[in-house]
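Here is the file entry31.txt (compact mmCIF, C-alpha atoms).
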```
# COMPACT_ATOMS: atom_id res chain seq x y z
CA MET A 16 99.43 161.83 -23.89
CA THR A 17 98.72 159.31 -21.14
CA ILE A 18 102.08 160.02 -19.52
CA LEU A 19 101.30 163.72 -19.60
CA GLY A 20 97.85 162.96 -18.18
CA TRP A 21 99.38 160.94 -15.36
CA VAL A 22 101.85 163.69 -14.54
CA LEU A 23 99.03 166.22 -14.49
CA ASP A 24 96.75 164.06 -12.36
CA GLY A 25 99.54 163.14 -9.96
CA THR A 26 100.59 166.76 -9.52
CA LEU A 27 96.98 167.84 -9.05
CA ALA A 28 96.38 165.16 -6.42
CA ALA A 29 99.58 166.03 -4.56
CA VAL A 30 98.90 169.78 -4.63
CA LEU A 31 95.32 169.26 -3.41
CA LEU A 32 96.57 167.25 -0.45
CA LEU A 33 99.38 169.67 0.37
CA LEU A 34 97.00 172.62 0.19
CA ALA A 35 94.54 170.91 2.53
CA LEU A 36 97.32 170.20 5.05
CA ARG A 37 98.57 173.77 4.73
CA ILE A 38 95.06 175.17 5.28
CA ILE A 39 94.93 173.28 8.56
CA GLN A 40 98.44 174.23 9.66
CA VAL A 41 99.01 177.78 8.51
CA ARG A 42 99.08 180.32 11.34
CA GLY A 43 97.30 183.27 9.80
CA LEU A 44 93.59 182.90 9.26
CA PHE A 45 93.69 185.12 6.19
CA GLN A 46 96.31 182.86 4.62
CA ALA A 47 94.07 179.87 5.35
CA VAL A 48 91.16 181.55 3.55
CA VAL A 49 93.26 182.44 0.50
CA LEU A 50 94.62 178.89 0.36
CA PHE A 51 91.07 177.59 0.60
CA ILE A 52 90.06 179.64 -2.45
CA ALA A 53 93.05 178.23 -4.34
CA PHE A 54 92.02 174.77 -3.16
CA GLY A 55 88.52 175.29 -4.58
CA LEU A 56 89.90 176.29 -7.96
CA LEU A 57 92.21 173.26 -8.08
CA MET A 58 89.30 171.07 -7.09
CA ALA A 59 87.41 172.45 -10.10
CA LEU A 60 90.42 171.48 -12.23
CA ALA A 61 90.36 167.95 -10.79
CA TRP A 62 86.69 167.67 -11.75
CA VAL A 63 87.46 168.68 -15.31
CA ARG A 64 90.03 165.85 -15.33
CA LEU A 65 87.33 163.46 -14.11
CA SER A 66 84.99 164.39 -16.99
CA ALA A 67 82.67 166.50 -14.86
CA PRO A 68 82.68 169.95 -16.47
CA ASP A 69 79.22 170.82 -15.06
CA ILE A 70 80.49 170.36 -11.54
CA ALA A 71 83.71 172.20 -12.28
CA LEU A 72 81.75 175.27 -13.39
CA ALA A 73 79.62 175.22 -10.25
CA GLU A 74 82.58 174.53 -7.96
CA ALA A 75 84.66 177.37 -9.39
CA GLY A 76 81.71 179.74 -8.99
CA ILE A 77 80.31 178.62 -5.63
CA GLY A 78 82.93 176.50 -3.88
CA ALA A 79 85.84 178.81 -4.59
CA ALA A 80 84.46 182.25 -5.39
CA LEU A 81 81.28 182.67 -3.37
CA THR A 82 82.50 180.76 -0.30
CA GLY A 83 85.74 182.74 -0.56
CA VAL A 84 83.88 186.05 -0.62
CA LEU A 85 81.81 184.99 2.40
CA LEU A 86 84.96 184.00 4.33
CA VAL A 87 86.98 187.11 3.45
CA ASP A 88 84.03 189.31 4.31
CA THR A 89 83.62 187.58 7.67
CA LEU A 90 87.32 188.05 8.47
CA HIS A 91 87.01 191.73 7.66
CA TYR A 92 83.95 191.99 9.89
CA LEU A 93 85.58 190.12 12.80
CA ARG A 94 88.75 192.20 12.62
CA TRP A 95 86.82 195.45 12.44
CA THR A 96 84.64 194.61 15.41
CA THR A 97 87.65 193.33 17.35
CA GLU A 98 89.98 196.23 16.80
CA GLY A 99 87.51 199.00 16.18
CA ARG A 100 88.87 199.78 12.79
CA PRO A 101 91.27 198.21 10.37
CA LYS A 102 94.89 198.79 11.17
CA GLU A 103 97.24 200.58 8.86
CA GLN A 104 99.16 197.46 8.11
CA GLU A 105 97.72 194.06 8.38
CA SER A 106 99.54 192.04 10.96
CA PRO A 107 100.79 188.72 9.58
CA THR A 108 98.76 186.69 12.05
CA PRO A 109 95.63 188.64 12.98
CA TRP A 110 94.40 185.80 15.20
CA PRO A 111 97.15 183.60 16.50
CA ILE A 112 95.63 180.22 17.06
CA ARG A 113 95.27 179.20 20.65
CA THR A 114 96.88 175.82 20.26
CA PRO A 115 94.84 173.00 21.71
CA GLY A 116 96.49 170.72 24.19
CA PHE A 117 98.91 168.03 23.10
CA TRP A 118 96.67 165.14 24.13
CA LEU A 119 93.67 166.54 22.28
CA ARG A 120 95.75 166.94 19.14
CA LEU A 121 97.14 163.44 19.51
CA ALA A 122 93.70 161.93 20.04
CA THR A 123 92.22 163.84 17.11
CA GLY A 124 95.17 162.91 14.91
CA GLY A 125 94.63 159.28 15.85
CA LEU A 126 90.94 159.55 15.07
CA ALA A 127 91.64 161.13 11.69
CA ALA A 128 94.34 158.59 10.83
CA GLY A 129 92.08 155.72 11.88
CA THR A 130 89.23 157.08 9.77
CA PHE A 131 91.62 157.43 6.84
CA LEU A 132 92.85 153.84 7.11
CA LEU A 133 89.36 152.48 7.52
CA LEU A 134 88.08 154.37 4.49
CA VAL A 135 91.06 153.23 2.40
CA LEU A 136 90.28 149.62 3.31
CA VAL A 137 86.65 150.15 2.29
CA LEU A 138 87.82 151.84 -0.90
CA LEU A 139 89.92 148.85 -1.91
CA GLU A 140 86.97 146.54 -1.25
CA LEU A 141 84.61 148.46 -3.53
CA PRO A 142 83.36 146.39 -6.45
CA GLY A 143 84.60 147.50 -9.85
CA GLY A 144 82.75 146.93 -13.02
CA PRO A 145 80.29 148.99 -14.97
CA ALA A 146 79.47 152.16 -13.06
CA GLY A 147 76.07 152.62 -11.51
CA LEU A 148 73.16 154.14 -13.29
CA THR A 149 74.66 155.31 -16.60
CA SER A 150 72.75 152.77 -18.67
CA VAL A 151 69.48 153.42 -16.83
CA VAL A 152 69.77 157.15 -17.48
CA ASP A 153 70.72 156.57 -21.10
CA GLY A 154 67.72 154.32 -21.53
CA ALA A 155 65.31 156.92 -20.16
CA LEU A 156 66.92 159.90 -21.87
CA PRO A 157 64.87 159.90 -25.13
CA GLY A 158 61.66 160.80 -23.27
CA ALA A 159 63.27 163.16 -20.78
CA GLY A 160 62.82 166.41 -22.67
CA VAL A 161 66.52 167.35 -22.67
CA ASP A 162 69.56 165.74 -24.27
CA HIS A 163 72.13 166.44 -21.56
CA PRO A 164 72.05 163.59 -19.02
CA VAL A 165 73.04 165.69 -15.97
CA THR A 166 70.26 168.21 -16.66
CA ALA A 167 67.83 165.34 -17.21
CA VAL A 168 68.73 163.85 -13.81
CA LEU A 169 68.58 167.21 -12.06
CA LEU A 170 65.29 168.44 -13.47
CA ASN A 171 63.45 165.32 -14.46
CA PHE A 172 64.54 161.98 -12.93
CA ARG A 173 65.56 163.36 -9.55
CA SER A 174 63.86 166.73 -9.57
CA LEU A 175 62.81 166.22 -5.95
CA ASP A 176 66.49 166.72 -4.99
CA THR A 177 66.62 170.00 -6.82
CA MET A 178 63.35 171.14 -5.27
CA LEU A 179 64.60 170.37 -1.77
CA GLU A 180 67.90 172.07 -2.52
CA LEU A 181 66.01 175.27 -3.36
CA ALA A 182 64.10 174.78 -0.09
CA VAL A 183 67.43 174.52 1.79
CA LEU A 184 68.58 177.74 0.14
CA VAL A 185 65.39 179.57 1.20
CA ALA A 186 65.76 178.18 4.72
CA ALA A 187 69.40 179.27 4.87
CA VAL A 188 68.49 182.81 3.80
CA MET A 189 65.77 182.88 6.48
CA GLY A 190 68.27 181.57 9.02
CA VAL A 191 70.92 184.16 8.20
CA LEU A 192 68.32 186.94 8.28
CA SER A 193 67.07 185.93 11.71
CA VAL A 194 70.49 185.21 13.24
CA MET A 195 71.87 188.53 12.04
CA ARG A 196 68.60 190.35 12.84
CA THR A 197 68.60 191.78 9.33
CA PRO A 198 65.11 193.06 8.55
CA ASP A 199 65.38 192.44 4.83
CA PHE A 200 67.92 191.19 2.38
CA SER A 201 67.80 194.32 0.30
CA GLY A 202 70.84 195.47 2.24
CA LEU A 203 72.61 198.75 2.01
CA PRO A 204 75.40 198.64 -0.49
CA LEU A 205 78.82 199.75 0.59
CA PRO A 206 79.57 203.37 -0.26
CA ALA A 207 80.59 203.50 -3.90
CA THR A 208 84.30 203.30 -4.43
CA ALA A 209 85.79 206.13 -6.38
CA ASP A 210 88.10 203.67 -8.07
CA GLY A 211 88.10 204.07 -11.83
CA VAL A 212 89.15 200.48 -12.37
CA VAL A 213 86.11 199.15 -10.51
CA ARG A 214 83.78 201.42 -12.50
CA TRP A 215 85.37 200.26 -15.72
CA LEU A 216 85.12 196.62 -14.66
CA LEU A 217 81.45 197.07 -13.77
CA ARG A 218 80.64 198.65 -17.11
CA SER A 219 82.40 195.94 -19.07
CA LEU A 220 81.61 192.87 -16.96
CA ILE A 221 77.95 193.28 -16.06
CA PRO A 222 76.59 193.11 -19.64
CA LEU A 223 78.91 190.19 -20.29
CA MET A 224 77.66 188.41 -17.15
CA VAL A 225 74.03 188.85 -18.21
CA LEU A 226 74.94 187.33 -21.57
CA VAL A 227 76.86 184.43 -19.99
CA ALA A 228 74.03 183.68 -17.53
CA GLY A 229 71.48 183.48 -20.35
CA TYR A 230 73.82 181.41 -22.51
CA LEU A 231 74.54 178.90 -19.74
CA LEU A 232 70.82 178.50 -19.06
CA TRP A 233 70.12 177.76 -22.71
CA LEU A 234 73.16 175.50 -23.03
CA GLY A 235 71.99 173.20 -20.23
CA SER A 236 69.48 171.31 -22.38
CA PHE A 237 72.18 169.66 -24.50
CA ALA A 238 75.62 170.42 -23.03
CA PRO A 239 77.30 171.13 -19.66
CA GLY A 240 75.56 174.17 -18.21
CA GLY A 241 72.08 174.88 -16.96
CA ALA A 242 70.17 176.47 -14.11
CA PHE A 243 72.87 176.02 -11.47
CA GLN A 244 75.71 177.55 -13.40
CA SER A 245 73.47 180.31 -14.67
CA GLY A 246 72.24 181.07 -11.16
CA VAL A 247 75.83 181.25 -9.95
CA VAL A 248 76.67 183.89 -12.55
CA VAL A 249 73.58 185.88 -11.51
CA ALA A 250 74.72 185.65 -7.88
CA ALA A 251 78.26 186.73 -8.79
CA MET A 252 76.72 189.73 -10.50
CA GLY A 253 74.62 190.57 -7.43
CA VAL A 254 77.55 190.29 -5.02
CA PHE A 255 79.84 192.26 -7.34
CA LEU A 256 77.28 195.06 -7.68
CA TRP A 257 76.72 195.11 -3.92
CA LEU A 258 80.44 195.21 -3.12
CA SER A 259 81.04 198.07 -5.50
CA GLY A 260 78.24 200.15 -4.04
CA ARG A 261 75.68 199.72 -6.80
CA ARG A 262 72.06 198.94 -6.20
CA SER A 263 70.79 195.61 -7.49
CA LEU A 264 68.26 193.72 -5.37
CA GLU A 265 67.08 196.83 -3.53
CA LEU A 266 65.94 198.42 -6.77
CA LEU A 267 63.11 195.92 -6.74
CA PRO A 268 60.07 196.25 -4.47
CA ALA A 269 60.23 193.98 -1.40
CA VAL A 270 57.43 191.78 -2.72
CA VAL A 271 59.33 191.12 -5.94
CA ARG A 272 62.55 190.32 -4.07
CA GLY A 273 60.75 187.82 -1.86
CA THR A 274 58.93 186.34 -4.84
CA LEU A 275 62.18 185.87 -6.77
CA LEU A 276 63.71 184.07 -3.79
CA VAL A 277 60.92 181.49 -3.62
CA VAL A 278 59.87 181.35 -7.28
CA GLY A 279 62.02 178.26 -7.93
CA LEU A 280 60.63 176.29 -5.01
CA SER A 281 57.09 177.45 -5.82
CA ALA A 282 57.42 176.45 -9.47
CA PHE A 283 58.38 172.91 -8.44
CA LEU A 284 55.48 172.73 -5.98
CA VAL A 285 52.93 174.08 -8.47
CA VAL A 286 54.10 171.76 -11.26
CA GLY A 287 54.04 168.84 -8.83
CA ALA A 288 50.55 169.72 -7.60
CA VAL A 289 49.19 170.09 -11.14
CA LEU A 290 50.66 166.72 -12.09
CA LEU A 291 49.21 165.12 -8.97
CA ALA A 292 45.80 166.58 -9.82
CA SER A 293 46.01 165.14 -13.33
CA GLY A 294 46.52 161.66 -11.95
CA ARG A 295 50.31 161.36 -12.22
CA GLU A 296 52.98 161.03 -9.59
CA PHE A 297 54.50 164.13 -8.00
CA LEU A 298 56.90 165.68 -10.58
CA GLU A 299 56.37 162.85 -13.09
CA TYR A 300 56.27 164.78 -16.34
CA PRO A 301 54.24 163.65 -19.34
CA GLY A 302 56.72 162.95 -22.14
CA GLU A 303 55.43 165.50 -24.63
CA ALA A 304 55.43 168.40 -22.13
CA ALA A 305 58.72 167.52 -20.42
CA ALA A 306 60.88 169.94 -22.41
CA GLY A 307 58.59 172.88 -21.63
CA ILE A 308 58.29 172.00 -17.95
CA ILE A 309 62.07 171.63 -17.60
CA LEU A 310 62.67 174.99 -19.26
CA LEU A 311 60.17 176.64 -16.91
CA LEU A 312 61.70 175.01 -13.83
CA GLU A 313 65.22 175.86 -14.97
CA LEU A 314 64.34 179.51 -15.48
CA ALA A 315 62.61 179.76 -12.10
CA GLY A 316 65.41 177.79 -10.41
CA ALA A 317 68.16 179.94 -11.90
CA LEU A 318 66.41 183.13 -10.73
CA SER A 319 65.93 181.76 -7.21
CA LEU A 320 69.50 180.49 -7.04
CA GLY A 321 70.88 183.83 -8.19
CA VAL A 322 68.75 185.87 -5.82
CA GLY A 323 69.15 183.38 -2.96
CA LEU A 324 72.94 183.19 -3.16
CA THR A 325 73.15 186.98 -3.37
CA ALA A 326 70.77 187.25 -0.43
CA LEU A 327 72.95 184.91 1.66
CA PHE A 328 75.75 187.40 1.30
CA VAL A 329 73.71 190.58 1.66
CA ALA A 330 71.77 189.27 4.67
CA LEU A 331 75.05 189.01 6.60
CA HIS A 332 75.16 192.82 6.67
CA PRO A 333 72.44 194.32 8.83
CA PRO A 334 71.99 198.03 8.13
CA GLY A 335 73.83 200.36 10.46
CA GLU A 336 76.27 197.72 11.61
CA GLY A 337 79.52 196.35 10.41
CA PRO A 338 82.71 197.68 9.06
CA PRO A 339 83.17 200.54 6.66
CA PRO A 340 84.38 199.61 3.20
CA ILE A 341 87.91 198.40 2.81
CA ASP A 342 90.03 201.47 2.22
CA GLU A 343 90.74 202.21 -1.38
CA HIS A 344 94.38 202.16 -2.11
CA PRO A 345 95.70 205.53 -3.15
CA MET B 4 96.63 152.20 -9.70
CA THR B 5 94.11 154.02 -11.77
CA VAL B 6 93.16 157.69 -11.92
CA HIS B 7 89.90 156.79 -10.23
CA LEU B 8 91.78 155.19 -7.33
CA LEU B 9 94.23 158.08 -7.11
CA PHE B 10 91.50 160.69 -6.72
CA SER B 11 89.49 158.43 -4.41
CA LEU B 12 92.51 158.22 -2.11
CA VAL B 13 92.90 162.00 -2.23
CA ALA B 14 89.21 162.33 -1.40
CA VAL B 15 89.54 160.05 1.62
CA ALA B 16 92.65 161.91 2.77
CA LEU B 17 90.87 165.26 2.41
CA PHE B 18 88.06 163.92 4.56
CA ALA B 19 90.54 162.84 7.24
CA VAL B 20 92.41 166.18 7.16
CA GLY B 21 89.12 168.06 7.43
CA LEU B 22 88.03 165.83 10.29
CA TYR B 23 91.22 166.60 12.18
CA GLY B 24 90.85 170.34 11.56
CA SER B 25 87.21 170.49 12.52
CA VAL B 26 87.95 168.94 15.91
CA ALA B 27 91.45 170.16 16.77
CA LEU B 28 91.32 173.75 15.53
CA VAL B 29 89.87 176.32 17.90
CA HIS B 30 88.88 179.30 15.78
CA LEU B 31 85.32 178.76 14.55
CA VAL B 32 86.04 180.08 11.05
CA ARG B 33 88.82 177.52 10.83
CA LYS B 34 86.40 174.82 11.89
CA ILE B 35 84.03 175.94 9.12
CA ILE B 36 86.84 175.80 6.55
CA SER B 37 87.75 172.31 7.80
CA VAL B 38 84.19 171.09 7.45
CA ASN B 39 84.26 172.44 3.91
CA LEU B 40 87.41 170.39 3.28
CA MET B 41 85.59 167.30 4.50
CA GLY B 42 82.69 168.11 2.20
CA GLY B 43 85.09 168.61 -0.69
CA GLY B 44 86.49 165.15 -0.03
CA VAL B 45 83.04 163.58 -0.11
CA LEU B 46 82.11 165.34 -3.34
CA LEU B 47 85.44 164.39 -4.95
CA PHE B 48 84.79 160.78 -4.00
CA PHE B 49 81.39 160.88 -5.71
CA ILE B 50 82.85 162.29 -8.89
CA ALA B 51 85.76 159.83 -8.89
CA THR B 52 83.34 156.94 -8.41
CA ALA B 53 81.12 158.17 -11.23
CA TRP B 54 84.18 157.90 -13.48
CA ARG B 55 85.14 154.37 -12.39
CA ASP B 56 85.57 152.95 -15.87
CA ALA B 57 87.46 155.99 -17.17
CA ASP B 58 84.51 156.24 -19.53
CA PRO B 59 84.25 159.61 -21.32
CA HIS B 60 80.54 159.38 -20.49
CA PRO B 61 80.44 159.08 -16.68
CA ASP B 62 77.46 158.30 -14.47
CA PRO B 63 75.28 161.45 -14.42
CA VAL B 64 73.43 160.65 -11.17
CA PRO B 65 76.35 161.36 -8.79
CA HIS B 66 77.10 164.45 -10.87
CA ALA B 67 73.62 165.80 -10.27
CA MET B 68 73.86 164.98 -6.56
CA VAL B 69 77.19 166.78 -6.28
CA LEU B 70 75.77 169.88 -7.99
CA THR B 71 73.01 169.88 -5.39
CA GLY B 72 75.57 169.29 -2.65
CA ILE B 73 77.72 172.27 -3.66
CA VAL B 74 74.79 174.66 -3.29
CA ILE B 75 73.81 173.15 0.05
CA ALA B 76 77.42 173.42 1.24
CA VAL B 77 77.56 177.15 0.51
CA ALA B 78 74.15 177.70 2.12
CA THR B 79 75.19 175.97 5.33
CA THR B 80 78.56 177.75 5.30
CA ALA B 81 76.82 181.11 5.08
CA PHE B 82 74.52 180.14 7.95
CA ALA B 83 77.47 178.96 10.05
CA LEU B 84 79.32 182.22 9.37
CA ALA B 85 76.20 184.14 10.43
CA LEU B 86 76.25 182.21 13.72
CA VAL B 87 79.94 183.06 14.20
CA ARG B 88 79.27 186.74 13.54
CA ARG B 89 76.37 186.74 15.97
CA LEU B 90 78.44 184.98 18.63
CA HIS B 91 81.20 187.51 18.12
CA ARG B 92 78.76 190.40 18.33
CA GLN B 93 77.26 189.08 21.58
CA THR B 94 80.39 187.85 23.34
CA GLY B 95 83.42 189.12 21.43
CA ARG B 96 84.64 185.56 21.03
CA VAL B 97 85.43 183.51 17.96
CA ASP B 98 85.73 180.15 19.69
CA LEU B 99 83.63 177.97 21.93
CA HIS B 100 85.68 178.67 25.04
CA VAL B 101 83.47 179.31 28.05
CA PRO B 102 84.92 182.23 30.03
CA GLU B 103 83.71 181.05 33.45
CA GLU B 104 85.71 177.86 33.27
CA GLU B 105 89.40 178.50 33.49
CA GLY B 106 90.34 174.98 32.40
CA GLU B 107 92.11 174.67 29.08
CA ALA B 108 89.19 172.82 27.61
CA GLY B 109 90.09 174.09 24.12
```

Rewritten as structure tokens:
Amino acid sequence: MTILGWVLDGTLAAVLLLLALRIIQVRGLFQAVVLFIAFGLLMALAWVRLSAPDIALAEAGIGAALTGVLLVDTLHYLRWTTEGRPKEQESPTPWPIRTPGFWLRLATGGLAAGTFLLLVLVLLELPGGPAGLTSVVDGALPGAGVDHPVTAVLLNFRSLDTMLELAVLVAAVMGVLSVMRTPDFSGLPLPATADGVVRWLLRSLIPLMVLVAGYLLWLGSFAPGGAFQSGVVVAAMGVFLWLSGRRSLELLPAVVRGTLLVVGLSAFLVVGAVLLASGREFLEYPGEAAAGIILLLELAGALSLGVGLTALFVALHPPGEGPPPIDEHP
Amino acid sequence: MTVHLLFSLVAVALFAVGLYGSVALVHLVRKIISVNLMGGGVLLFFIATAWRDADPHPDPVPHAMVLTGIVIAVATTAFALALVRRLHRQTGRVDLHVPEEEGEAG
């Protein structure tokens, strides 16, 4: 078992490194993006090996899938605006890299190698011994309101982090909207594809995704899962619906869309303000109400994450601009 | 050599590879991918460190921070891609080359 584990870990480590090097070297940008998606999935696998299933779920959903969709979509946009319309056959290297000068590459290589060596030296100097804050978290867990330590850290002990993360998401959506001059993140969905397979996938997957999102949210109180993973599934649903020409966010009135985007951040602020008014610290929950507060914050956070991540994608497409849908294959 | 050390070394190497790519590569989308590689290295290092004792019950605090970091990484990536699209719309370029200067500044 341990030998098998070592073989698996060693292979995983080697493939991760090779993929990263390949992503840097490969000539075609599209190949680099596809390799990056594969890299994200393998990274999720590495995190399962390191006993971090929560992170693996989020990485597979966000790091690989959502980032991948954003990158592929950007390549499609850049090629369309460069060449007017997509070519019949994709050329193997749509953007040949203008190679930087030899000296720049040498200097950068030296910088990277030096950083690597320095960090390895630091790594070997790191003290071993019992890891960090596990015992502190375990000690505080009985009064935290949830049984799963990661959820307890996210939504109770360090809930300020989660609040600010939702603030970053709102700010990023605002930034994308203003840079792209998109008036609203309702977006216009791509014209519906006539593809029967997509229609079938939509019909079968969307109900399943709703179910999975709800299940993950509920699961988070005692097992790997929670608001993040649930929000990611909601976002996947939004992007999938948008890409296949179905209406999702734009079915809602603009006020509701905006409210859903900020409801997570607002919930944290309101809970914090109420607690401050009742003489406690900001986001310091009273023990008996902690479970209820966490459930409320998780629900609001999952909604905001889902809508916000979808909005990041949709806001990149101002109405009346951008490429037509990728041609359906006959 | 432990599993923790193995993945920590990979994390450090990923950071170095991403650093090289983010400086030496010209295409802005490639720079964004490289920065994501660097970020992946940092996050992997956190998770490997949380698992230092090969305990089946690793430190939950780095885990929570990494979850937060993943969302922030995708948010900044989307914003960076929006900047690239806007630059391309305004100038038709996908790199930071200034057309007036004919030096190979790269």

- Query: In file coordinates, which residues lie within 12 Å of (80.9, 188.9, -9.1) using all atoms listed in the file, given as a ChimeraX atom specification?
  - Reply: /A:76-77,80-81,83-84,213,216-217,220-221,223-225,246-259,321,324-325,328

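Here atom CA of Arg262 of chain A is placed at a distance of 22.4 Å from atom CA of Leu86 of chain A.
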
- Query: When distances are computed from only C-alpha atoms, which of A:Leu290, A:Val277, A:Val41, A:Val30 shows the smallest separation from Arg33 of chain B?
  - Reply: A:Val41

Surrounding residues of segment 307-318 of chain A excluding itself and chain neighbours under 5 positions, 9 Å, only C-alpha atoms, as a tab-separated table (two decimals) with C-alpha atoms, in the frame of the given file:
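Heads up, here's the output in result08.tsv:
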```tsv
chain	number	residue	atom	x	y	z
A	160	GLY	CA	62.82	166.41	-22.67
A	161	VAL	CA	66.52	167.35	-22.67
A	166	THR	CA	70.26	168.21	-16.66
A	167	ALA	CA	67.83	165.34	-17.21
A	170	LEU	CA	65.29	168.44	-13.47
A	171	ASN	CA	63.45	165.32	-14.46
A	177	THR	CA	66.62	170.00	-6.82
A	178	MET	CA	63.35	171.14	-5.27
A	181	LEU	CA	66.01	175.27	-3.36
A	228	ALA	CA	74.03	183.68	-17.53
A	232	LEU	CA	70.82	178.50	-19.06
A	233	TRP	CA	70.12	177.76	-22.71
A	235	GLY	CA	71.99	173.20	-20.23
A	236	SER	CA	69.48	171.31	-22.38
A	241	GLY	CA	72.08	174.88	-16.96
A	242	ALA	CA	70.17	176.47	-14.11
A	243	PHE	CA	72.87	176.02	-11.47
A	244	GLN	CA	75.71	177.55	-13.40
A	245	SER	CA	73.47	180.31	-14.67
A	246	GLY	CA	72.24	181.07	-11.16
A	247	VAL	CA	75.83	181.25	-9.95
A	249	VAL	CA	73.58	185.88	-11.51
A	275	LEU	CA	62.18	185.87	-6.77
A	276	LEU	CA	63.71	184.07	-3.79
A	277	VAL	CA	60.92	181.49	-3.62
A	278	VAL	CA	59.87	181.35	-7.28
A	279	GLY	CA	62.02	178.26	-7.93
A	280	LEU	CA	60.63	176.29	-5.01
A	281	SER	CA	57.09	177.45	-5.82
A	282	ALA	CA	57.42	176.45	-9.47
A	283	PHE	CA	58.38	172.91	-8.44
A	286	VAL	CA	54.10	171.76	-11.26
A	300	TYR	CA	56.27	164.78	-16.34
A	323	GLY	CA	69.15	183.38	-2.96
```

Please, which residues in chain B fall within 7 Å of chain A when counting only C-alpha atoms, and what is the closest atom pair and distance in Å to one decimal for each, ordered by chain then residue number, as JSON lines?
```
{"residue": "B:Phe10", "atom": "CA", "partner": "A:Ala28", "partner_atom": "CA", "distance": 6.6}
{"residue": "B:Leu12", "atom": "CA", "partner": "A:Val135", "partner_atom": "CA", "distance": 6.9}
{"residue": "B:Val13", "atom": "CA", "partner": "A:Ala28", "partner_atom": "CA", "distance": 6.3}
{"residue": "B:Val15", "atom": "CA", "partner": "A:Phe131", "partner_atom": "CA", "distance": 6.2}
{"residue": "B:Ala16", "atom": "CA", "partner": "A:Phe131", "partner_atom": "CA", "distance": 6.1}
{"residue": "B:Leu17", "atom": "CA", "partner": "A:Leu32", "partner_atom": "CA", "distance": 6.7}
{"residue": "B:Ala19", "atom": "CA", "partner": "A:Ala127", "partner_atom": "CA", "distance": 4.9}
{"residue": "B:Val20", "atom": "CA", "partner": "A:Leu36", "partner_atom": "CA", "distance": 6.7}
{"residue": "B:Leu22", "atom": "CA", "partner": "A:Ala127", "partner_atom": "CA", "distance": 6.1}
{"residue": "B:Tyr23", "atom": "CA", "partner": "A:Ala127", "partner_atom": "CA", "distance": 5.5}
{"residue": "B:Gly24", "atom": "CA", "partner": "A:Ile39", "partner_atom": "CA", "distance": 5.9}
{"residue": "B:Val26", "atom": "CA", "partner": "A:Thr123", "partner_atom": "CA", "distance": 6.8}
{"residue": "B:Ala27", "atom": "CA", "partner": "A:Arg120", "partner_atom": "CA", "distance": 5.9}
{"residue": "B:Val29", "atom": "CA", "partner": "A:Arg113", "partner_atom": "CA", "distance": 6.7}
{"residue": "B:His30", "atom": "CA", "partner": "A:Ile112", "partner_atom": "CA", "distance": 6.9}
{"residue": "B:Ile50", "atom": "CA", "partner": "A:Leu65", "partner_atom": "CA", "distance": 7.0}
{"residue": "B:Ala51", "atom": "CA", "partner": "A:Leu65", "partner_atom": "CA", "distance": 6.5}
{"residue": "B:Ala53", "atom": "CA", "partner": "A:Ala146", "partner_atom": "CA", "distance": 6.5}
{"residue": "B:Trp54", "atom": "CA", "partner": "A:Leu65", "partner_atom": "CA", "distance": 6.4}
{"residue": "B:Arg55", "atom": "CA", "partner": "A:Ala146", "partner_atom": "CA", "distance": 6.1}
{"residue": "B:Asp56", "atom": "CA", "partner": "A:Pro145", "partner_atom": "CA", "distance": 6.7}
{"residue": "B:Pro59", "atom": "CA", "partner": "A:Ser66", "partner_atom": "CA", "distance": 6.5}
{"residue": "B:Pro61", "atom": "CA", "partner": "A:Thr149", "partner_atom": "CA", "distance": 6.9}
{"residue": "B:Asp62", "atom": "CA", "partner": "A:Thr149", "partner_atom": "CA", "distance": 4.6}
{"residue": "B:Pro63", "atom": "CA", "partner": "A:Val165", "partner_atom": "CA", "distance": 5.0}
{"residue": "B:Val64", "atom": "CA", "partner": "A:Val168", "partner_atom": "CA", "distance": 6.3}
{"residue": "B:His66", "atom": "CA", "partner": "A:Val165", "partner_atom": "CA", "distance": 6.6}
{"residue": "B:Ala67", "atom": "CA", "partner": "A:Leu169", "partner_atom": "CA", "distance": 5.5}
{"residue": "B:Leu70", "atom": "CA", "partner": "A:Ile70", "partner_atom": "CA", "distance": 5.9}
{"residue": "B:Thr71", "atom": "CA", "partner": "A:Glu180", "partner_atom": "CA", "distance": 6.3}
{"residue": "B:Ile73", "atom": "CA", "partner": "A:Gly78", "partner_atom": "CA", "distance": 6.7}
{"residue": "B:Ile75", "atom": "CA", "partner": "A:Glu180", "partner_atom": "CA", "distance": 6.5}
{"residue": "B:Val77", "atom": "CA", "partner": "A:Thr82", "partner_atom": "CA", "distance": 6.2}
{"residue": "B:Ala78", "atom": "CA", "partner": "A:Ala187", "partner_atom": "CA", "distance": 5.7}
{"residue": "B:Thr79", "atom": "CA", "partner": "A:Ala187", "partner_atom": "CA", "distance": 6.7}
{"residue": "B:Ala81", "atom": "CA", "partner": "A:Leu327", "partner_atom": "CA", "distance": 6.4}
{"residue": "B:Phe82", "atom": "CA", "partner": "A:Val191", "partner_atom": "CA", "distance": 5.4}
{"residue": "B:Ala85", "atom": "CA", "partner": "A:Val191", "partner_atom": "CA", "distance": 5.7}
{"residue": "B:Leu86", "atom": "CA", "partner": "A:Val194", "partner_atom": "CA", "distance": 6.5}
{"residue": "B:Arg89", "atom": "CA", "partner": "A:Met195", "partner_atom": "CA", "distance": 6.2}
{"residue": "B:Gly109", "atom": "CA", "partner": "A:Pro115", "partner_atom": "CA", "distance": 5.4}
```
